[in-house]
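Asks: entry_34.txt is reproduced below (compact mmCIF, N, CA and C atoms).
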```txt
# COMPACT_ATOMS: atom_id res chain seq x y z
N MET A 22 61.77 92.31 128.25
CA MET A 22 63.00 92.07 127.53
C MET A 22 63.34 93.31 126.71
N PHE A 23 64.60 93.66 126.68
CA PHE A 23 65.07 94.83 125.95
C PHE A 23 65.69 94.42 124.63
N ARG A 24 65.46 95.26 123.64
CA ARG A 24 66.10 95.04 122.34
C ARG A 24 67.05 96.17 122.06
N ARG A 25 68.17 95.83 121.51
CA ARG A 25 69.12 96.87 121.11
C ARG A 25 68.75 97.33 119.71
N LYS A 26 68.83 98.61 119.53
CA LYS A 26 68.63 99.15 118.18
C LYS A 26 69.88 98.89 117.37
N ALA A 27 69.66 98.52 116.16
CA ALA A 27 70.80 98.33 115.27
C ALA A 27 71.43 99.68 114.99
N SER A 28 72.71 99.76 115.18
CA SER A 28 73.38 101.03 114.90
C SER A 28 73.55 101.17 113.40
N PRO A 29 73.36 102.39 112.89
CA PRO A 29 73.53 102.57 111.45
C PRO A 29 74.97 102.27 111.05
N ALA A 30 75.09 101.66 109.90
CA ALA A 30 76.43 101.32 109.41
C ALA A 30 77.22 102.59 109.13
N LYS A 31 78.44 102.57 109.58
CA LYS A 31 79.31 103.72 109.32
C LYS A 31 79.82 103.61 107.89
N PRO A 32 79.86 104.74 107.20
CA PRO A 32 80.39 104.67 105.84
C PRO A 32 81.87 104.32 105.85
N GLU A 33 82.25 103.52 104.89
CA GLU A 33 83.65 103.16 104.75
C GLU A 33 84.42 104.37 104.22
N PRO A 34 85.57 104.66 104.79
CA PRO A 34 86.37 105.76 104.23
C PRO A 34 86.86 105.39 102.83
N VAL A 35 86.90 106.37 101.96
CA VAL A 35 87.37 106.15 100.60
C VAL A 35 88.73 106.80 100.45
N LEU A 36 89.69 106.00 100.09
CA LEU A 36 91.03 106.51 99.86
C LEU A 36 91.06 107.27 98.54
N THR A 37 91.52 108.50 98.57
CA THR A 37 91.61 109.31 97.36
C THR A 37 93.07 109.57 97.06
N THR A 38 93.42 109.34 95.80
CA THR A 38 94.78 109.56 95.34
C THR A 38 94.74 110.47 94.13
N SER A 39 95.65 111.40 94.07
CA SER A 39 95.78 112.26 92.89
C SER A 39 97.15 112.04 92.28
N GLY A 40 97.22 112.19 90.98
CA GLY A 40 98.51 112.00 90.32
C GLY A 40 98.46 112.40 88.86
N ARG A 41 99.50 112.00 88.15
CA ARG A 41 99.61 112.32 86.73
C ARG A 41 100.17 111.12 85.99
N ILE A 42 99.65 110.93 84.78
CA ILE A 42 100.27 110.02 83.83
C ILE A 42 101.12 110.91 82.95
N GLU A 43 102.39 110.56 82.80
CA GLU A 43 103.31 111.43 82.07
C GLU A 43 104.00 110.71 80.93
N ILE A 44 104.28 111.48 79.89
CA ILE A 44 105.11 111.03 78.78
C ILE A 44 106.20 112.08 78.61
N GLU A 45 107.46 111.66 78.65
CA GLU A 45 108.58 112.59 78.48
C GLU A 45 109.19 112.35 77.10
N ARG A 46 109.32 113.44 76.36
CA ARG A 46 109.95 113.39 75.04
C ARG A 46 110.75 114.68 74.84
N GLU A 47 111.93 114.54 74.34
CA GLU A 47 112.77 115.69 73.98
C GLU A 47 112.89 116.71 75.11
N GLY A 48 112.94 116.22 76.34
CA GLY A 48 113.10 117.11 77.49
C GLY A 48 111.83 117.81 77.93
N HIS A 49 110.69 117.48 77.34
CA HIS A 49 109.40 118.07 77.70
C HIS A 49 108.49 116.97 78.22
N ILE A 50 107.52 117.37 79.04
CA ILE A 50 106.60 116.39 79.63
C ILE A 50 105.17 116.73 79.26
N ALA A 51 104.48 115.75 78.67
CA ALA A 51 103.04 115.83 78.45
C ALA A 51 102.40 115.02 79.59
N TYR A 52 101.26 115.47 80.09
CA TYR A 52 100.67 114.77 81.23
C TYR A 52 99.15 114.82 81.21
N LEU A 53 98.57 113.88 81.96
CA LEU A 53 97.14 113.82 82.20
C LEU A 53 96.95 113.69 83.71
N GLU A 54 96.32 114.69 84.32
CA GLU A 54 96.07 114.66 85.76
C GLU A 54 94.84 113.84 86.06
N TYR A 55 94.91 113.07 87.16
CA TYR A 55 93.77 112.25 87.57
C TYR A 55 93.60 112.27 89.07
N THR A 56 92.41 111.86 89.49
CA THR A 56 92.12 111.59 90.88
C THR A 56 91.45 110.23 90.91
N LEU A 57 91.86 109.40 91.84
CA LEU A 57 91.26 108.08 92.01
C LEU A 57 90.61 108.03 93.39
N ALA A 58 89.30 107.82 93.42
CA ALA A 58 88.56 107.70 94.67
C ALA A 58 87.76 106.41 94.61
N GLY A 59 88.16 105.44 95.40
CA GLY A 59 87.50 104.14 95.35
C GLY A 59 87.75 103.51 94.00
N LYS A 60 86.68 103.25 93.27
CA LYS A 60 86.77 102.62 91.95
C LYS A 60 86.44 103.60 90.83
N ILE A 61 86.53 104.91 91.13
CA ILE A 61 86.26 105.94 90.12
C ILE A 61 87.55 106.69 89.80
N LEU A 62 87.95 106.61 88.53
CA LEU A 62 89.12 107.34 88.05
C LEU A 62 88.62 108.59 87.35
N GLN A 63 88.92 109.73 87.94
CA GLN A 63 88.49 111.01 87.36
C GLN A 63 89.65 111.59 86.55
N LEU A 64 89.41 111.74 85.24
CA LEU A 64 90.44 112.28 84.35
C LEU A 64 90.17 113.78 84.22
N ILE A 65 91.07 114.56 84.78
CA ILE A 65 90.80 115.98 85.02
C ILE A 65 91.32 116.92 83.95
N HIS A 66 92.60 116.83 83.65
CA HIS A 66 93.22 117.83 82.78
C HIS A 66 94.45 117.24 82.11
N SER A 67 94.59 117.51 80.82
CA SER A 67 95.82 117.10 80.13
C SER A 67 96.50 118.32 79.54
N GLU A 68 97.80 118.20 79.41
CA GLU A 68 98.61 119.29 78.87
C GLU A 68 99.71 118.69 78.02
N VAL A 69 99.81 119.17 76.80
CA VAL A 69 100.89 118.76 75.91
C VAL A 69 101.64 120.04 75.53
N PRO A 70 102.95 120.12 75.85
CA PRO A 70 103.71 121.32 75.51
C PRO A 70 103.67 121.60 74.00
N PRO A 71 103.72 122.88 73.62
CA PRO A 71 103.66 123.23 72.20
C PRO A 71 104.69 122.47 71.35
N GLU A 72 105.86 122.22 71.91
CA GLU A 72 106.92 121.54 71.17
C GLU A 72 106.55 120.09 70.82
N LEU A 73 105.60 119.51 71.55
CA LEU A 73 105.25 118.10 71.35
C LEU A 73 103.88 117.91 70.68
N ARG A 74 103.19 119.00 70.41
CA ARG A 74 101.85 118.88 69.82
C ARG A 74 101.92 118.35 68.40
N GLY A 75 100.85 117.66 68.01
CA GLY A 75 100.78 117.12 66.67
C GLY A 75 101.42 115.75 66.51
N HIS A 76 101.83 115.14 67.62
CA HIS A 76 102.47 113.83 67.58
C HIS A 76 101.62 112.75 68.23
N GLY A 77 100.36 113.06 68.55
CA GLY A 77 99.45 112.07 69.12
C GLY A 77 99.65 111.76 70.59
N LEU A 78 100.36 112.64 71.31
CA LEU A 78 100.61 112.36 72.73
C LEU A 78 99.35 112.48 73.58
N GLY A 79 98.46 113.40 73.21
CA GLY A 79 97.19 113.51 73.95
C GLY A 79 96.39 112.22 73.84
N SER A 80 96.35 111.65 72.64
CA SER A 80 95.66 110.37 72.44
C SER A 80 96.36 109.25 73.19
N GLU A 81 97.66 109.28 73.20
CA GLU A 81 98.42 108.25 73.92
C GLU A 81 98.16 108.32 75.42
N LEU A 82 98.05 109.52 75.96
CA LEU A 82 97.73 109.69 77.37
C LEU A 82 96.34 109.15 77.68
N ALA A 83 95.36 109.53 76.86
CA ALA A 83 93.98 109.08 77.07
C ALA A 83 93.91 107.55 76.98
N HIS A 84 94.53 107.00 75.95
CA HIS A 84 94.54 105.55 75.77
C HIS A 84 95.15 104.84 76.98
N SER A 85 96.27 105.32 77.46
CA SER A 85 96.93 104.71 78.62
C SER A 85 96.03 104.74 79.85
N ALA A 86 95.39 105.88 80.09
CA ALA A 86 94.53 106.02 81.27
C ALA A 86 93.32 105.08 81.17
N LEU A 87 92.72 105.01 80.00
CA LEU A 87 91.53 104.17 79.82
C LEU A 87 91.88 102.68 79.89
N GLU A 88 93.00 102.30 79.35
CA GLU A 88 93.43 100.91 79.45
C GLU A 88 93.72 100.53 80.90
N TRP A 89 94.36 101.43 81.63
CA TRP A 89 94.66 101.18 83.04
C TRP A 89 93.36 101.03 83.83
N ALA A 90 92.38 101.92 83.54
CA ALA A 90 91.08 101.84 84.21
C ALA A 90 90.43 100.48 83.93
N ARG A 91 90.46 100.04 82.70
CA ARG A 91 89.85 98.75 82.35
C ARG A 91 90.55 97.60 83.09
N GLU A 92 91.88 97.61 83.09
CA GLU A 92 92.64 96.55 83.74
C GLU A 92 92.35 96.47 85.24
N GLN A 93 92.14 97.63 85.86
CA GLN A 93 91.92 97.69 87.30
C GLN A 93 90.45 97.56 87.70
N GLY A 94 89.55 97.56 86.73
CA GLY A 94 88.13 97.48 87.03
C GLY A 94 87.53 98.79 87.50
N PHE A 95 88.13 99.91 87.09
CA PHE A 95 87.64 101.23 87.47
C PHE A 95 86.61 101.73 86.47
N LYS A 96 85.74 102.61 86.93
CA LYS A 96 84.90 103.41 86.06
C LYS A 96 85.59 104.75 85.91
N VAL A 97 85.23 105.50 84.86
CA VAL A 97 85.94 106.73 84.55
C VAL A 97 84.96 107.90 84.48
N ASP A 98 85.32 108.97 85.19
CA ASP A 98 84.59 110.23 85.14
C ASP A 98 85.47 111.19 84.34
N VAL A 99 85.00 111.56 83.15
CA VAL A 99 85.82 112.36 82.24
C VAL A 99 85.47 113.83 82.36
N ILE A 100 86.44 114.62 82.78
CA ILE A 100 86.32 116.08 82.86
C ILE A 100 87.16 116.73 81.77
N CYS A 101 88.27 116.13 81.44
CA CYS A 101 89.21 116.67 80.46
C CYS A 101 88.61 116.65 79.05
N PRO A 102 88.53 117.81 78.40
CA PRO A 102 87.96 117.86 77.04
C PRO A 102 88.70 117.00 76.02
N SER A 103 90.01 116.89 76.12
CA SER A 103 90.73 116.09 75.13
C SER A 103 90.45 114.60 75.31
N VAL A 104 90.25 114.15 76.54
CA VAL A 104 89.88 112.75 76.76
C VAL A 104 88.45 112.52 76.26
N ALA A 105 87.57 113.48 76.50
CA ALA A 105 86.19 113.38 76.00
C ALA A 105 86.19 113.27 74.47
N GLU A 106 87.03 114.05 73.82
CA GLU A 106 87.14 113.99 72.36
C GLU A 106 87.68 112.62 71.91
N TYR A 107 88.68 112.12 72.62
CA TYR A 107 89.23 110.80 72.31
C TYR A 107 88.13 109.74 72.38
N LEU A 108 87.27 109.84 73.38
CA LEU A 108 86.19 108.87 73.55
C LEU A 108 85.19 108.89 72.40
N THR A 109 84.99 110.06 71.77
CA THR A 109 84.06 110.10 70.64
C THR A 109 84.60 109.30 69.46
N LYS A 110 85.92 109.18 69.38
CA LYS A 110 86.56 108.43 68.29
C LYS A 110 86.84 106.97 68.67
N HIS A 111 86.66 106.66 69.95
CA HIS A 111 86.96 105.30 70.45
C HIS A 111 85.82 104.81 71.33
N PRO A 112 84.68 104.45 70.72
CA PRO A 112 83.52 104.02 71.50
C PRO A 112 83.73 102.72 72.26
N GLU A 113 84.82 102.03 72.01
CA GLU A 113 85.09 100.78 72.72
C GLU A 113 85.33 101.02 74.21
N TYR A 114 85.52 102.27 74.61
CA TYR A 114 85.71 102.59 76.02
C TYR A 114 84.45 103.15 76.68
N ALA A 115 83.36 103.25 75.94
CA ALA A 115 82.13 103.85 76.46
C ALA A 115 81.62 103.15 77.71
N ASP A 116 81.86 101.86 77.83
CA ASP A 116 81.37 101.12 79.00
C ASP A 116 82.07 101.53 80.30
N LEU A 117 83.20 102.23 80.20
CA LEU A 117 83.93 102.66 81.39
C LEU A 117 83.40 103.97 81.97
N VAL A 118 82.71 104.73 81.16
CA VAL A 118 82.32 106.10 81.54
C VAL A 118 81.10 106.09 82.45
N VAL A 119 81.21 106.85 83.55
CA VAL A 119 80.06 107.00 84.46
C VAL A 119 79.23 108.20 84.07
```
Please express the file's structure as structure tokens.

Replies:
Amino acid sequence: MFRRKASPAKPEPVLTTSGRIEIEREGHIAYLEYTLAGKILQLIHSEVPPELRGHGLGSELAHSALEWAREQGFKVDVICPSVAEYLTKHPEYADLVV
């Protein structure tokens, strides 16, 4: 009698999406770039134009991204220094960080 060898499971393809969370004020755009791969939201880089600095937009971007991650059940890989700084002041999001 012959037995078939079990074929190794093929890895599932992971859909990767890149994008930006944006806030527009006074004709300028502040943004946070991200990549989403599976259930990991990678927060890469944020930029706030000089004209908009000092108004808490960086914090607003970080907060929006982290809330979205929580709502969707994502974990977060933080590369952006401003998001990392936000997390030091908001430990309630520590459970999201990989």

Asks: Got a sec: who's within 9 Å of Ile44 in chain A, counting only C-alpha atoms, leaving out chain neighbours fewer than 5 positions off, as a PyMOL selection string?

Replies: chain A and resi 49-52+78+81-82

Asks: Considering only strand (DSSP E) as DSSP defines it on the backbone, what residues of chain A qualify? List them as JSON, numbers by chain.

Replies: {"A": [37, 38, 39, 40, 41, 42, 43, 44, 45, 46, 49, 50, 51, 52, 53, 54, 55, 56, 57, 58, 61, 62, 63, 64, 65, 66, 67, 68, 96, 97, 98, 99]}

Asks: Please report the interatomic distance between atom C of Pro32 in chain A and atom C of Ala58 in chain A in Å with one decimal.

Replies: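 Atom C of Pro32 in chain A sits 12.9 Å away from atom C of Ala58 in chain A.
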
Asks: Just checking: using only C-alpha atoms, which residue out of A:Ala30, A:Ala83, A:Leu36, A:Val104 ends up closest to Ile61 in chain A?

Replies: A:Leu36

Asks: Draw an axis-aligned box over all listed atoms of range 65-82 of chain A, pad each side with 4 Å, and write its centre and edge lengths in Å, one decimal, as lines of an AutoDock Vina configuration file.

Replies:
```
center_x = 98.9
center_y = 115.7
center_z = 75.8
size_x = 24.1
size_y = 23.0
size_z = 26.5
```

Asks: Quick one: distance from atom C of Arg46 in chain A to atom C of Val97 in chain A in Å, one decimal?

Replies: 28.4 Å

Asks: Need the shell around range 88-96 of chain A: protein/DNA/RNA residues with any atom at most 7 Å away, counting only C-alpha atoms. Skip same-chain ones fewer than 2 positions apart. Format as number ranges by chain?

Replies: A: 60-62, 84-86, 98, 117-119

Asks: Record the distance separating atom N of Gly59 in chain A and atom C of His111 in chain A, expressed in Å with one decimal.

Replies: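 Going from atom N of Gly59 in chain A over to atom C of His111 in chain A covers 24.2 Å.
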
Asks: Let me make sure I understand: among A:His66, A:Ala115, A:Ser103, A:Leu53, which one has the smallest atom-to-atom distance to Gly40 in chain A if we use all atoms listed in the file?

Replies: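 For Gly40 in chain A, the nearest of the candidates is A:Leu53.
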
Asks: Could you list, as a list in words, every residue within 8 Å of Thr56 in chain A, counting only N, CA and C atoms and ignoring same-chain residues fewer than 6 positions away?

Replies: Thr37, Thr38, Ser39, Gly40, Arg41, Leu62, Gln63, Leu64, Ile65 and His66 of chain A

Asks: Would you list, as a list in words, the residues of range 23-102 of chain A that end up in alpha helix (DSSP H) under DSSP run on this structure's backbone?

Replies: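 Checking each residue of range 23-102 of chain A, the alpha helix (DSSP H) ones are Leu78, Gly79, Ser80, Glu81, Leu82, Ala83, His84, Ser85, Ala86, Leu87, Glu88, Trp89, Ala90, Arg91, Glu92, Gln93 and Pro102 of chain A.
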
Asks: Mind writing range 54-104 of chain A to a file for me, with C-alpha atoms, as a PDB file, in the first residue's frame?

Replies:
```
ATOM      1  CA  GLU A  54       2.560  57.461   6.402  1.00  0.00           C
ATOM      2  CA  TYR A  55       1.708  53.834   7.106  1.00  0.00           C
ATOM      3  CA  THR A  56       1.933  50.358   5.672  1.00  0.00           C
ATOM      4  CA  LEU A  57      -0.592  47.684   6.534  1.00  0.00           C
ATOM      5  CA  ALA A  58       0.450  44.056   6.057  1.00  0.00           C
ATOM      6  CA  GLY A  59      -1.998  41.505   7.385  1.00  0.00           C
ATOM      7  CA  LYS A  60      -2.791  42.604  10.938  1.00  0.00           C
ATOM      8  CA  ILE A  61       0.340  44.756  11.406  1.00  0.00           C
ATOM      9  CA  LEU A  62       0.042  48.515  10.975  1.00  0.00           C
ATOM     10  CA  GLN A  63       3.505  49.995  10.500  1.00  0.00           C
ATOM     11  CA  LEU A  64       3.620  53.709  11.324  1.00  0.00           C
ATOM     12  CA  ILE A  65       6.523  54.977   9.274  1.00  0.00           C
ATOM     13  CA  HIS A  66       6.856  58.744   9.044  1.00  0.00           C
ATOM     14  CA  SER A  67       4.918  61.859   9.975  1.00  0.00           C
ATOM     15  CA  GLU A  68       5.312  65.374   8.673  1.00  0.00           C
ATOM     16  CA  VAL A  69       3.722  68.562   9.934  1.00  0.00           C
ATOM     17  CA  PRO A  70       4.386  71.686   7.821  1.00  0.00           C
ATOM     18  CA  PRO A  71       6.117  74.529   9.696  1.00  0.00           C
ATOM     19  CA  GLU A  72       2.974  76.660   9.383  1.00  0.00           C
ATOM     20  CA  LEU A  73       0.972  74.086  11.375  1.00  0.00           C
ATOM     21  CA  ARG A  74       3.494  73.133  14.057  1.00  0.00           C
ATOM     22  CA  GLY A  75       2.680  73.751  17.686  1.00  0.00           C
ATOM     23  CA  HIS A  76      -1.024  72.980  17.289  1.00  0.00           C
ATOM     24  CA  GLY A  77      -0.943  69.305  18.334  1.00  0.00           C
ATOM     25  CA  LEU A  78      -1.430  67.875  14.849  1.00  0.00           C
ATOM     26  CA  GLY A  79       1.340  65.301  15.299  1.00  0.00           C
ATOM     27  CA  SER A  80      -0.439  64.016  18.408  1.00  0.00           C
ATOM     28  CA  GLU A  81      -3.752  64.045  16.581  1.00  0.00           C
ATOM     29  CA  LEU A  82      -2.273  61.948  13.771  1.00  0.00           C
ATOM     30  CA  ALA A  83      -0.768  59.433  16.205  1.00  0.00           C
ATOM     31  CA  HIS A  84      -4.004  59.235  18.195  1.00  0.00           C
ATOM     32  CA  SER A  85      -6.076  58.655  15.046  1.00  0.00           C
ATOM     33  CA  ALA A  86      -3.767  55.888  13.807  1.00  0.00           C
ATOM     34  CA  LEU A  87      -3.674  54.115  17.168  1.00  0.00           C
ATOM     35  CA  GLU A  88      -7.433  54.312  17.637  1.00  0.00           C
ATOM     36  CA  TRP A  89      -7.966  52.926  14.133  1.00  0.00           C
ATOM     37  CA  ALA A  90      -5.531  50.088  14.888  1.00  0.00           C
ATOM     38  CA  ARG A  91      -7.420  49.239  18.084  1.00  0.00           C
ATOM     39  CA  GLU A  92     -10.817  49.316  16.340  1.00  0.00           C
ATOM     40  CA  GLN A  93      -9.568  47.013  13.575  1.00  0.00           C
ATOM     41  CA  GLY A  94      -7.707  44.607  15.868  1.00  0.00           C
ATOM     42  CA  PHE A  95      -4.293  45.489  14.416  1.00  0.00           C
ATOM     43  CA  LYS A  96      -0.938  45.450  16.155  1.00  0.00           C
ATOM     44  CA  VAL A  97       1.347  48.421  15.564  1.00  0.00           C
ATOM     45  CA  ASP A  98       5.005  48.543  14.546  1.00  0.00           C
ATOM     46  CA  VAL A  99       6.221  52.051  15.354  1.00  0.00           C
ATOM     47  CA  ILE A 100       9.076  53.451  13.259  1.00  0.00           C
ATOM     48  CA  CYS A 101       8.089  57.129  13.362  1.00  0.00           C
ATOM     49  CA  PRO A 102       9.869  58.962  16.216  1.00  0.00           C
ATOM     50  CA  SER A 103       6.952  61.315  16.866  1.00  0.00           C
ATOM     51  CA  VAL A 104       4.538  58.382  17.278  1.00  0.00           C
TER      52      VAL A 104
END
```
